[in-house]
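*Asks:* I'd like to ask you about the structure that follows.
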Amino acid sequence: MERLPDRLQGWARPYFWALPAVGFATIFMVYPMVRTVIISFRNNDDTEWIGLANYKYFFTFPDTLTALRNSVAWLVFYTFFAVFLGLIIAILVDRVRYESLAKIAIFLPVPISAVAASIIWKFMFDYQPPGTTQTGTLNAVLATFGRDPVAWLITGPFVNNAALIFVGIWTAVGFCMVIISASLKAISSEVLEAARIDGATELQIVRLVVTPLLWPTITVVGTTMLINALKTFDIVYVMTNGAYDTDVIATRMFSQLQSSHFGRAAAVGVVLFIAIVPLLIVNIRRFQQQEEQR
C-alpha cells in the first residue's frame, strides 16, 4: 500500500481493507451457492448434465408436493399467529402493572433452542394407548378428566402439522412481542389521549390508531417470521423426522442428501433460496425506510 503513489492510496485503501471480507464471502458463500446451482442440473453422481430433471422431480413427486403443502401451512399459520399473538400480547402487557415480569415470562421460550423446545414438547405430546399410564402431559390431563388420549403427532396430517406449528409459534411469540412492544413505546401518548378525547373506544384506538402506526414494524416482523417458516427444519426433524405427512422443504432436502441424491437436494435448496431472497429484500428495504424516517 505504501509503495503506491499518494493519489492512488486514498482510492485503494478501502478496497484493500475490504479484500479479506470479500475473499471470505466468495469462498464460503458465493462459491457454494454457485456450485449448488450447477449440481442441481446434474445427476446424482455429478457426471452428467440432465437439465431440469431434478426440478421436475421436485414439483411432481408426491412426497415433495406434501412437503410443499406443509411449508405453505407453516408460512400461513405460523406467521399469522406468531405476529397476531405477539401484537395482542404487546398491547395487553403494556397496560399491566408488572409489565417487565410479564414480558420475561412470555419471552422465556425464545432463548431456548429449537431442538430443546422440540424435545420438551415431544414429551408433552407423548401418547400411550388408552388404558395405560399416560406419560405425556397433555394426555395425562385428558385422562384425568376421563377423556381418551390423542396421538398428537401420529394421527393425521392436520393434527400432526398443527401440533408442530403450535410449537413453532410458542418459540416465536415472545420475539414478536418484544419487537412490537418496542415500537409501541415510541407512539406518543398525546396521540392516544387525543383519540380518547374524540370519543374513540379502546378497541377503536387499537384498530384505527395503534395498528396503523405499528404497521411498518409488523411488516418487518412478519417478513422475518415468513423466512423462519421457510427455513423450518429442527422442530419437524426432532419431533417426527418428517414422518406422518409432516415433511417440509428443508427436511425433504435433508432426506435427499441422506439418500445421496445430491442433484435433487441441490434443486430443493435452490428453490428454497429463490423463495427466501425476495423476503430478505423486502425486510432490508423496510429497515432502510425506518432508518430514513428516524
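Chain identifiers are assigned as A, B, and so on, following the order in which chains appear in the C-alpha cells; residues are numbered from 1 within each chain, and ligands are numbered from 1 in order of appearance.
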At a cut-off of 12 Å, using only C-alpha atoms, what residues contact A:Leu272? Leave out same-chain residues fewer than 5 positions from it and give the result as a list in words.

*Replies:* Thr36, Val37, Tyr55, Phe58, Ala67, Leu68, Ser71, Ile227, Asn228, Ala229, Leu230, Lys231, Thr232, Val248, Ile249, Ala250, Thr251, Arg252, Met253, Ala265, Ala266, Ala267, Val277, Pro278 and Leu279 of chain A

*Asks:* Can those selected residues be exported to a file as a compact mmCIF listing (two decimals), in the first residue's frame so that it contains N, CA and C atoms?

*Replies:*
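See result34.txt below for the written result:
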# COMPACT_ATOMS: atom_id res chain seq x y z
N THR A 36 -23.91 -25.15 -5.89
CA THR A 36 -25.20 -25.79 -5.64
C THR A 36 -26.10 -25.67 -6.87
N VAL A 37 -26.12 -24.50 -7.48
CA VAL A 37 -26.93 -24.30 -8.68
C VAL A 37 -26.47 -25.24 -9.80
N TYR A 55 -35.57 -30.49 -11.01
CA TYR A 55 -36.65 -29.54 -10.68
C TYR A 55 -38.01 -30.13 -11.02
N PHE A 58 -38.92 -32.31 -8.27
CA PHE A 58 -39.33 -31.54 -7.09
C PHE A 58 -40.81 -31.15 -7.18
N ALA A 67 -44.47 -31.99 1.10
CA ALA A 67 -43.58 -31.06 1.80
C ALA A 67 -43.91 -29.61 1.44
N LEU A 68 -44.21 -29.36 0.17
CA LEU A 68 -44.60 -28.01 -0.26
C LEU A 68 -45.89 -27.57 0.42
N SER A 71 -45.15 -26.75 3.99
CA SER A 71 -44.41 -25.49 4.10
C SER A 71 -45.33 -24.29 3.92
N ILE A 227 -39.60 -15.92 6.71
CA ILE A 227 -38.28 -16.52 6.44
C ILE A 227 -38.05 -17.70 7.38
N ASN A 228 -38.39 -17.52 8.67
CA ASN A 228 -38.24 -18.61 9.63
C ASN A 228 -39.10 -19.82 9.24
N ALA A 229 -40.31 -19.54 8.75
CA ALA A 229 -41.20 -20.63 8.35
C ALA A 229 -40.63 -21.42 7.18
N LEU A 230 -40.05 -20.70 6.21
CA LEU A 230 -39.45 -21.38 5.06
C LEU A 230 -38.25 -22.22 5.48
N LYS A 231 -37.51 -21.76 6.49
CA LYS A 231 -36.31 -22.47 6.93
C LYS A 231 -36.60 -23.54 7.98
N THR A 232 -37.85 -23.75 8.32
CA THR A 232 -38.20 -24.70 9.38
C THR A 232 -37.58 -26.08 9.12
N VAL A 248 -41.37 -31.01 5.48
CA VAL A 248 -41.34 -29.66 4.92
C VAL A 248 -40.16 -29.59 3.95
N ILE A 249 -39.98 -28.46 3.29
CA ILE A 249 -38.97 -28.36 2.24
C ILE A 249 -37.58 -28.67 2.78
N ALA A 250 -37.24 -28.12 3.94
CA ALA A 250 -35.89 -28.31 4.47
C ALA A 250 -35.63 -29.76 4.85
N THR A 251 -36.61 -30.43 5.47
CA THR A 251 -36.42 -31.83 5.82
C THR A 251 -36.38 -32.71 4.57
N ARG A 252 -37.10 -32.28 3.54
CA ARG A 252 -37.08 -33.03 2.28
C ARG A 252 -35.69 -32.95 1.65
N MET A 253 -35.09 -31.77 1.71
CA MET A 253 -33.74 -31.59 1.18
C MET A 253 -32.76 -32.47 1.96
N ALA A 265 -31.34 -32.76 -3.98
CA ALA A 265 -31.18 -31.94 -2.79
C ALA A 265 -30.78 -30.52 -3.16
N ALA A 266 -29.88 -30.40 -4.15
CA ALA A 266 -29.46 -29.07 -4.59
C ALA A 266 -30.62 -28.31 -5.22
N ALA A 267 -31.46 -29.01 -5.97
CA ALA A 267 -32.63 -28.36 -6.58
C ALA A 267 -33.57 -27.83 -5.51
N VAL A 277 -35.05 -15.12 -0.94
CA VAL A 277 -34.40 -13.87 -1.36
C VAL A 277 -35.37 -12.68 -1.46
N PRO A 278 -36.55 -12.82 -2.09
CA PRO A 278 -37.46 -11.66 -2.13
C PRO A 278 -37.87 -11.19 -0.75
N LEU A 279 -38.05 -12.13 0.18
CA LEU A 279 -38.42 -11.74 1.54
C LEU A 279 -37.29 -10.98 2.22

*Asks:* DSSP says helix (DSSP H, G or I) for which residues of stretch 30-258 of chain A? Put them as a PyMOL selection string?

*Replies:* chain A and resi 30-39+53-60+62-93+99-107+114-124+137-144+157-185+189-197+202-230+234-239+249-258

*Asks:* Could you work out how far atom CA of A:Ser118 lies from atom CA of A:Gln256, giving the answer in Å with one decimal?

*Replies:*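 That distance, rounded to one decimal, is 22.6 Å.
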
*Asks:* With only C-alpha atoms as the counted atoms, please give the residues lying no more than 12 Å from A:Ala195, apart from itself and same-chain residues fewer than 3 positions off, as a short mmCIF file (atom, residue, chain, number, x, y, z; two decimals) with C-alpha atoms, in the first residue's frame.

*Replies:*
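Just written: around-v3.cif:
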data_model
loop_
_atom_site.label_atom_id
_atom_site.label_comp_id
_atom_site.auth_asym_id
_atom_site.auth_seq_id
_atom_site.Cartn_x
_atom_site.Cartn_y
_atom_site.Cartn_z
CA SER A 188 -46.80 9.39 21.59
CA SER A 189 -49.24 9.28 24.50
CA GLU A 190 -50.66 12.58 23.20
CA VAL A 191 -51.91 10.82 20.08
CA LEU A 192 -53.73 8.21 22.17
CA ASP A 198 -62.57 12.42 20.43
CA GLY A 199 -64.64 9.59 21.92
CA ALA A 200 -62.81 6.56 20.50
CA THR A 201 -63.11 3.34 22.47
CA GLU A 202 -60.02 1.35 23.44
CA LEU A 203 -60.77 -1.19 20.70
CA GLN A 204 -61.09 1.57 18.12
CA ILE A 205 -57.81 3.10 19.30
CA VAL A 206 -56.04 -0.23 18.84
CA ARG A 207 -57.64 -0.85 15.43
CA LEU A 208 -57.56 2.65 13.94
CA VAL A 209 -54.61 4.33 15.65
CA VAL A 210 -52.13 1.88 17.18
#

*Asks:* With only C-alpha atoms as the counted atoms, please give the residues lying no more than 7 Å from A:Cys176, apart from itself and same-chain residues fewer than 5 positions off, as a ChimeraX atom specification.

*Replies:* /A:82-83,86,221

*Asks:* Between A:Phe61, A:Phe125, A:Trp170, A:Trp152, which has the minimum distance to A:Pro111 (counting only C-alpha atoms)?

*Replies:*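 Nearest candidate to A:Pro111 out of A:Phe61, A:Phe125, A:Trp170, A:Trp152: A:Trp170.
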
*Asks:* Restricting the calculation to only C-alpha atoms, which member of A:Arg95, A:Phe166, A:Asp234, A:Asp245 is positioned closest to A:Pro62?

*Replies:*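 Smallest distance to A:Pro62 is found for A:Asp245.
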
*Asks:* For stretch 97-110 of chain A, work out the shell of residues within 9 Å, counting only C-alpha atoms and skipping chain neighbours fewer than 2 positions away, then give it as a list in words.

*Replies:* Ile89, Ala90, Val93, Asp94, Arg95, Ile112, Ser113, Ala114, Ala117, Trp170, Thr171, Ala172, Val173, Gly174, Phe175, Met177 and Val178 of chain A

*Asks:* Please save N, CA and C atoms of the selected residues as a PDB file, in the first residue's frame.

*Replies:*
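Produced file result-v8.pdb, reproduced below:
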ATOM      1  N   ILE A  89     -50.479  -9.495  22.627  1.00  0.00           N
ATOM      2  CA  ILE A  89     -49.813  -9.581  23.928  1.00  0.00           C
ATOM      3  C   ILE A  89     -49.042  -8.302  24.228  1.00  0.00           C
ATOM      4  N   ALA A  90     -48.372  -7.741  23.214  1.00  0.00           N
ATOM      5  CA  ALA A  90     -47.624  -6.492  23.409  1.00  0.00           C
ATOM      6  C   ALA A  90     -48.557  -5.380  23.877  1.00  0.00           C
ATOM      7  N   VAL A  93     -49.853  -6.383  27.552  1.00  0.00           N
ATOM      8  CA  VAL A  93     -48.800  -6.322  28.570  1.00  0.00           C
ATOM      9  C   VAL A  93     -48.409  -4.874  28.863  1.00  0.00           C
ATOM     10  N   ASP A  94     -48.541  -4.015  27.842  1.00  0.00           N
ATOM     11  CA  ASP A  94     -48.190  -2.608  28.019  1.00  0.00           C
ATOM     12  C   ASP A  94     -49.073  -1.920  29.064  1.00  0.00           C
ATOM     13  N   ARG A  95     -50.194  -2.567  29.411  1.00  0.00           N
ATOM     14  CA  ARG A  95     -51.152  -1.932  30.320  1.00  0.00           C
ATOM     15  C   ARG A  95     -51.207  -2.599  31.696  1.00  0.00           C
ATOM     16  N   ILE A 112     -34.570 -20.538  24.179  1.00  0.00           N
ATOM     17  CA  ILE A 112     -34.455 -21.996  24.109  1.00  0.00           C
ATOM     18  C   ILE A 112     -34.233 -22.406  22.657  1.00  0.00           C
ATOM     19  N   SER A 113     -33.264 -23.260  22.425  1.00  0.00           N
ATOM     20  CA  SER A 113     -33.003 -23.709  21.054  1.00  0.00           C
ATOM     21  C   SER A 113     -34.199 -24.489  20.532  1.00  0.00           C
ATOM     22  N   ALA A 114     -34.348 -24.506  19.221  1.00  0.00           N
ATOM     23  CA  ALA A 114     -35.467 -25.217  18.609  1.00  0.00           C
ATOM     24  C   ALA A 114     -35.425 -26.704  18.944  1.00  0.00           C
ATOM     25  N   ALA A 117     -36.659 -27.080  22.587  1.00  0.00           N
ATOM     26  CA  ALA A 117     -38.106 -26.867  22.614  1.00  0.00           C
ATOM     27  C   ALA A 117     -38.846 -28.069  22.022  1.00  0.00           C
ATOM     28  N   TRP A 170     -45.042 -21.095  19.662  1.00  0.00           N
ATOM     29  CA  TRP A 170     -44.649 -20.955  21.075  1.00  0.00           C
ATOM     30  C   TRP A 170     -43.244 -20.375  21.212  1.00  0.00           C
ATOM     31  N   THR A 171     -42.355 -20.754  20.309  1.00  0.00           N
ATOM     32  CA  THR A 171     -40.976 -20.253  20.386  1.00  0.00           C
ATOM     33  C   THR A 171     -40.822 -18.862  19.771  1.00  0.00           C
ATOM     34  N   ALA A 172     -41.817 -18.400  18.989  1.00  0.00           N
ATOM     35  CA  ALA A 172     -41.659 -17.149  18.231  1.00  0.00           C
ATOM     36  C   ALA A 172     -42.466 -15.983  18.786  1.00  0.00           C
ATOM     37  N   VAL A 173     -43.526 -16.258  19.534  1.00  0.00           N
ATOM     38  CA  VAL A 173     -44.408 -15.186  20.003  1.00  0.00           C
ATOM     39  C   VAL A 173     -43.651 -14.170  20.845  1.00  0.00           C
ATOM     40  N   GLY A 174     -42.763 -14.645  21.712  1.00  0.00           N
ATOM     41  CA  GLY A 174     -42.007 -13.734  22.568  1.00  0.00           C
ATOM     42  C   GLY A 174     -41.163 -12.756  21.772  1.00  0.00           C
ATOM     43  N   PHE A 175     -40.527 -13.248  20.710  1.00  0.00           N
ATOM     44  CA  PHE A 175     -39.725 -12.371  19.849  1.00  0.00           C
ATOM     45  C   PHE A 175     -40.601 -11.297  19.212  1.00  0.00           C
ATOM     46  N   MET A 177     -43.469 -10.201  20.230  1.00  0.00           N
ATOM     47  CA  MET A 177     -43.967  -9.293  21.267  1.00  0.00           C
ATOM     48  C   MET A 177     -42.944  -8.225  21.630  1.00  0.00           C
ATOM     49  N   VAL A 178     -41.684  -8.622  21.806  1.00  0.00           N
ATOM     50  CA  VAL A 178     -40.644  -7.670  22.212  1.00  0.00           C
ATOM     51  C   VAL A 178     -40.415  -6.603  21.149  1.00  0.00           C
TER      52      VAL A 178
END

*Asks:* Return the single residue from A:Ile284, A:Thr217, A:Gly263, A:Pro14 that is closest to A:Gly51, with distances computed using only C-alpha atoms.

*Replies:*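 Using only C-alpha atoms, A:Gly51 sits closest to A:Gly263.
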
*Asks:* For the atom pair atom CA of A:Gly242 and atom CA of A:Phe77, what is the interatomic distance in Å to one decimal place?

*Replies:*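 Between atom CA of A:Gly242 and atom CA of A:Phe77 the gap is 18.4 Å.
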